[in-house]
Structures are given as structure tokens and as C-alpha cells.
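Novice: Got a structure here, written out as C-alpha cells. Questions coming.
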Amino acid sequence: MEKRWVQMVQGDTETTGLLAQQLNIDTSLAQILVQRGIQSFEEAKDFFRPQLSQLHNPFLMKDMGKAIQRIDEALAAGEKIMIYGDYDVDGTTSVALAYSFFSQFTSDIIYYIPDRHKEGYGISTIGIDYAKANDITLIIALDCGIKSNDKIDYANTLHIDFIICDHHLPGDELPAAIAVLDPKRHDCPYPFKELAGCGIGFKLAQAYCITHDLPASTYEQYLDLVMVSIAADIVPIIDENRTLAYFGLIKLNSNPCTGLKALMESFGKTKDLTITDVVFTLAPRINAAGRMDHGNQAVKMLLCTADDLAKEQSLFINLQNSDRKTSDQNITAEALALIDESQLLIDKKTTVVYNENWNKGVIGIVASRLTEKYYRPTIVLTHSNGFLTGSARSVAGYDLYEALLGCSDLLEQFGGHKFAAGLTMKKENITAFSERFEEIVSSTITEDLLCPEIHIDNEIELNQIDGKFQRIIAQMAPFGPMNPAPVFISKNMSFVGRPYIVGTKHLKLSVKQQNSAIFETIGFGLAEFEQLLRPDQPFSICYTIEENTWKEQKRLQLNIKAIKIHN
């Protein structure tokens, strides 16, 4: 699919020049910093050299004092506490963090992950009844609960208190919990609104340690779990998240918890992991537990303290991940065939597909794959517990949550973010929902949003790229939403030797500009250009710069995102 090349607006040239001089860096790199809101030497210092002291005071979060007071009361009275969380990576890391942290102060504590297939997302009546049966009087819910008003009301009738630690958008009315920790609630003054669910749990632990004058190491030991949740939940890597991810990666690569260490060993990489490695290797394995079996399996692994048990549990989770891959591939193939046979996409701006036999645990992955292929808001539905349940994915720049809000009368429940959501509806509503969803999206989405974009930070010449240039870029990591790896454009390129295909669809190419050095490149999914590129025709490339290691030799490589051949 052809992509639109969108070059970022250049910042103030005077600020850029001064910053380049102060930092002794290439002007093109200073320009990228300015584009990302860094305009002074001190701001650049904080960006390149994060400190844990930059973390915000947790008591700026609305209800944090109430939460700590209620936990203190429970611990003093010997009450039984339940740590409750979602079954995805953010939820299971949140539960592992909170359970491990508060287990330092009480043995009267259990954890609970709802069954994806029997209970669905969020707080469940089954979970509350389980708490009642086990004499639980306080539930700390993480990564869920912000819209579970009816469930919290039910718990209150059973004299079970809730502390909610969530990061999703609240409804019009907050649940009647003892404390609701969510930076997105309209009356919360917390300065950073984009923490992951595990990040909220981390702030709760930080607040507890501040209250009781405990060393920072008491909660900082969980930074690796927080980093994994940040990477997996695709939250912005800015402000507090960048600091947490930065130090979380250091811990993951130097002294990870026993469970994560075993999981890393299972796929053969135990050092130099990046956010990308976490997203594509660690996170899918942790997620596989809740998709194919039960999220408890992931928490069990993350809480392991014995190497042999952690190894055994990580191998089990790897098997679940293999099953997940097979299921994902099969359902994706079926969905593509369904779209092709029924011509679902003709003159439409949305994709809605349904099969009652699809595995509920993998439809979110399938929705992402369909969105990537057809690039339009997509919903994949299956049957579960008498209803249709689905996962929705959007395209860059389009607010999926708002579109679902316009269909809320046809839904039993829904929740999520701008780009991803979950929903449940009655089977008889699927036709009306599909039509309404298409109508809303068609009237609110612009044509340019239906074509994927490549955001280009700057145009440079190849002779600007050297070891120092790349080292500065590497220090901008961790990369992710709102702090992506810089993308450059270089024009009037020619190739050296012959382009060739790696695997079935990837392009290897040696490129140069006039008077520049030769650079090796890789273009994933760009095999078609092996036949299109000609020696006598210049072309432009947009790319990221990376360090490639082969047989212990490191060299700079350009990762080509797109190619334009000049006429």
C-alpha cells in the first residue's frame, strides 16, 4: 500500500542553531529536538539524561491519600486484600507488581485475573463473589474498573471496598469506590495523563513508601514490569513514561525479575533488549496466557522467585504463544477470505467481520492485521457468553472511541482508547451496528486518514551520517509513540551493485549519493522495488538509521520505510 510522506514542520531556526551549538550536535538533530518540544540546554539535559527524581509526586493524583489511608487500615486490622487485574500484559504486570509489593507487608493477600472467555474484560460479578467467598474486604483493581459502576455498587452491598487504579477514560459518573486513581478523571490535577495501568500501580507503591519512609528501592525494583507494560500498551513515551521506560530497560537488561529473565532466556536474548524487542518478543508471550488459557499463568510466571519454576512456567507460556500464532494465522486467513468473498470493502470506510467460531483471545491481533492491510477502522467479532464480543482498531489520527460512542445505544458495553477498543453487543444488533458505524466513520473521517502516513523528521545528506550522528540518535531512545525513532529523507539516490530479495518480500540494497559513502540498507516488505529500480533513474528514500551487528561486527545500516522513484 502506497504511503503519504509527510514532513514535519520545521521549528524556529534561531532556537535550533543555538541548541545545536550548545549541545555540539548536527543542526538536523537539534531540529528534531525542537520539533519534540526541547528548546533549551536544560530541557535537552533532562531528555538525554533522565533521572528518577523527575518522577511526579504521587500525591498529586486525586484520591491517592484516600487509597493509602484505606490500605493502612486494612493492613493494621489484618483484613484480607485482593489484587484484581486485567488479563493482558498491562493487567498482569500490574497485578504482579501490586501483589509482590504489598506481600512485603501482609500475608493476607491474593490475586485474581478474570477469565477472558467466561467473565470478559474488567470487574466481574464472578470475581466479586469469589472475593466474598474468601472473606476479602478490600479489592485493589488495576488496569480496569473505571466504568464498572454497577459492579462496584454490588461489591458495596457485600461490604467489599474497592480502590481503582485505572488509566482508561472514565464515564460521566465515577464508580462509588473508596478511591479512584485515574489521571484521566476530569478533576485529577496529576500533571501527566498517559501512564499505563501498571504505572498507576507503581505510583500507588511509591506513595505507600513515601508515607512510611521506606527506601525508594522498595518500589523501584519493579521498574522492569512497568517498562514492559508501557511498551505493550503503546502509551506515549514522553514525560514520566519515558523516565520509567528508560530505567525499566536498564533493569530488564541488567537485573530482571526471575520470571522475565526466564522468558528472555526461552527465546535466546538476555541483553541489549529495546522497546521493540519487548513489543515483539516479550509482550506477545505474556499476552498469550490470557488469550489461549488464563492470565493467571502470566502472573504466576512473573511472580516466580525460583529459577527452575520460572523456567518451567516460561516454557509453558511459550507453548501457549505457539498455539496463539497458529490460531491468529488461521483466523486472519478466514477473515481475509470472508472479506474477499462478500466484497465487504466495496465503497466502505470501515471493516466489520464476524464468525461465531473465532477464538476470542486472538481477535484483537486479527483486527490489527486487517487494519494494517486495508487501512480503515476495523472491528472483528465473535460469539461469547450469549453475546457478540469484539476488538476494534483504528487508523492514525482517527478517534475510534468517539465513533463507538455514537453507537452506544446498540452496545451492551464498550471501552478503550482512541486507537483500540473492546465492545459487546446483542447478536441481533450486528446489522444495525455495522451500518451505524459505517455511517459515523464515513461522515467524520477524511480521505487522507485512509492512506497511511510516514512522518519524516528531516531531510539530510548521507554524508551527514557518521558514528557520532548515530550515537546522538541512540540517546533519544526509548522510542515509541510521541517519541519515535527519527525518520529521515534523502534524495537523488543511486544504488551500487544489484538490489536483491531477502526471504520473500524484503529488499537489500547498497545506496549512495554523489560524493557520499556507500550505505547498506534493508527495506522490509519492499521486494517489489527489486524490479522497479534502474541504474539510470534516481530515487528518494525515507529511513531510520540503526546499528546492525553481524558476526560481532557493528556497522550503520539504513532501514528504508519507503522509496519514491523520480520520473
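Just remember, in the C-alpha cells the first chain shown is A, the second B, etc., residues are 1-based per chain, and ligands are 1-based in the order shown.
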May I have the residues within 9 Å of stretch 433-435 of chain A as a count of residues only, using only C-alpha atoms and disregarding those fewer than 3 positions away in the same chain?

Specialist: 12

Novice: Would you kindly return, as number ranges by chain, each protein, DNA or RNA residue with an atom no farther than 12 Å from any atom of A:Thr281, considering only C-alpha atoms and excluding same-chain residues fewer than 6 positions away?

Specialist: A: 228, 231-232, 260, 263-270, 273-275, 287-288, 318, 321

Novice: Would you tabulate, counting only C-alpha atoms, all residues of stretch 64-165 of chain A that have an atom at most 7 Å from an atom of stretch 179-185 of chain A, showing the closest pair of atoms and their distance in Å to one decimal, sorted by chain then ascending number, as CSV?

Specialist:
```
residue,atom,partner,partner_atom,distance
A:Met64,CA,A:Leu181,CA,6.6
A:Lys66,CA,A:Ala179,CA,5.9
A:Ala67,CA,A:Ala179,CA,5.4
A:Ile163,CA,A:Ala179,CA,4.9
A:Ile164,CA,A:Val180,CA,4.8
A:Cys165,CA,A:Leu181,CA,4.8
```

Novice: Since we have the selection now, will you write its residues out, keeping C-alpha atoms, as a PDB file, in the first residue's frame?

Specialist:
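The result, stored in part.pdb:
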```
ATOM      1  CA  MET A  64      -4.095   8.918  46.441  1.00  0.00           C
ATOM      2  CA  LYS A  66      -7.590   8.096  50.491  1.00  0.00           C
ATOM      3  CA  ALA A  67      -6.129   4.979  48.873  1.00  0.00           C
ATOM      4  CA  ILE A 163      -9.559   1.055  45.235  1.00  0.00           C
ATOM      5  CA  ILE A 164      -9.489   1.564  41.465  1.00  0.00           C
ATOM      6  CA  CYS A 165      -6.168   2.156  39.682  1.00  0.00           C
TER       7      CYS A 165
END
```

Novice: For stretch 304-306 of chain A, list every protein, DNA or RNA residue within 10 Å, evaluated using only C-alpha atoms, and leave out those in the same chain fewer than 3 positions away; present the list as a PyMOL selection string.

Specialist: chain A and resi 96+257-260+262+299-301+309-311+313

Novice: Do a neighbour search on A:Ile109 at 6 Å with only C-alpha atoms, toss out local chain neighbours closer than 2 positions, and write the hits as a list in words.

Specialist: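 Contacts, with the query itself left out: Lys80, Ile81, Met82 and Ser107 of chain A.
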
Novice: Can I get the selection written as a PDB file, in the first residue's frame, with C-alpha atoms?

Specialist:
```pdb
ATOM      1  CA  LYS A  80      -7.796  -9.840  53.509  1.00  0.00           C
ATOM      2  CA  ILE A  81      -6.868  -7.988  50.338  1.00  0.00           C
ATOM      3  CA  MET A  82      -7.390  -8.996  46.712  1.00  0.00           C
ATOM      4  CA  SER A 107       0.350 -12.483  54.016  1.00  0.00           C
TER       5      SER A 107
END
```

Novice: For A:Leu97, list every protein, DNA or RNA residue within 10 Å, evaluated using only C-alpha atoms, and leave out those in the same chain fewer than 5 positions away; present the list as JSON, numbers by chain.

Specialist: {"A": [83, 91, 92, 102, 103, 198, 199, 201, 202, 205, 219, 221, 222, 223, 224, 225, 226, 299, 302, 303]}

Novice: Please save C-alpha atoms of the selected residues as a tab-separated table (two decimals), in the first residue's frame.

Specialist:
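So the final result, stored in result.tsv, reads:
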```tsv
chain	number	residue	atom	x	y	z
A	83	ILE	CA	-5.31	-7.61	43.85
A	91	GLY	CA	-3.10	-6.02	33.64
A	92	THR	CA	-0.90	-9.00	34.52
A	102	PHE	CA	2.06	-5.49	49.27
A	103	SER	CA	3.09	-9.07	50.06
A	198	CYS	CA	0.95	-0.71	35.74
A	199	GLY	CA	2.25	2.84	36.03
A	201	GLY	CA	0.12	0.69	40.43
A	202	PHE	CA	3.73	1.88	40.58
A	205	ALA	CA	3.55	1.74	45.68
A	219	TYR	CA	9.23	0.10	44.74
A	221	GLN	CA	12.64	-2.94	42.00
A	222	TYR	CA	9.51	-3.22	39.81
A	223	LEU	CA	10.66	-0.85	37.07
A	224	ASP	CA	11.13	-3.74	34.63
A	225	LEU	CA	7.45	-4.69	34.97
A	226	VAL	CA	6.38	-1.08	34.44
A	299	VAL	CA	1.13	-13.63	36.77
A	302	LEU	CA	6.11	-13.00	36.78
A	303	LEU	CA	5.94	-13.80	40.50
```

Novice: Neighbouring residues of A:Ala196 were defined as those with any atom within 7 Å, considering only C-alpha atoms; residues of the same chain fewer than 5 positions away were excluded. Please report them as an MDAnalysis selection string.

Specialist: chainID A and resid 167 229:230 233 235

Novice: Mind dumping the selected residues with N, CA and C atoms as a compact mmCIF listing (two decimals), in the first residue's frame?

Specialist:
```
# COMPACT_ATOMS: atom_id res chain seq x y z
N HIS A 167 -6.34 3.66 33.93
CA HIS A 167 -5.84 4.74 33.06
C HIS A 167 -6.73 4.94 31.84
N SER A 229 4.92 -3.04 30.57
CA SER A 229 3.53 -2.59 30.38
C SER A 229 3.48 -1.36 29.48
N ILE A 230 4.41 -0.44 29.63
CA ILE A 230 4.46 0.76 28.80
C ILE A 230 4.64 0.38 27.34
N ASP A 233 1.40 -1.63 26.02
CA ASP A 233 0.14 -0.89 25.94
C ASP A 233 0.20 0.29 24.99
N VAL A 235 1.57 3.25 25.03
CA VAL A 235 1.30 4.58 25.57
C VAL A 235 2.44 5.52 25.16
```

Novice: I need the residues in stretch 133-264 of chain A that are strand (DSSP E) according to DSSP; give them as a list in words.

Specialist: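 So, restricting stretch 133-264 of chain A to strand (DSSP E), we get Ile136, Thr137, Leu138, Ile139, Ile140, Ala141, Leu142, Asp161, Phe162, Ile163, Ile164, Cys165, Ala179, Val180 and Leu181 of chain A.
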
Novice: A:Gly290: which residues within 7 Å, counting only C-alpha atoms, same-chain residues fewer than 5 positions away excluded, as a ChimeraX atom specification?

Specialist: /A:87-88,116,295
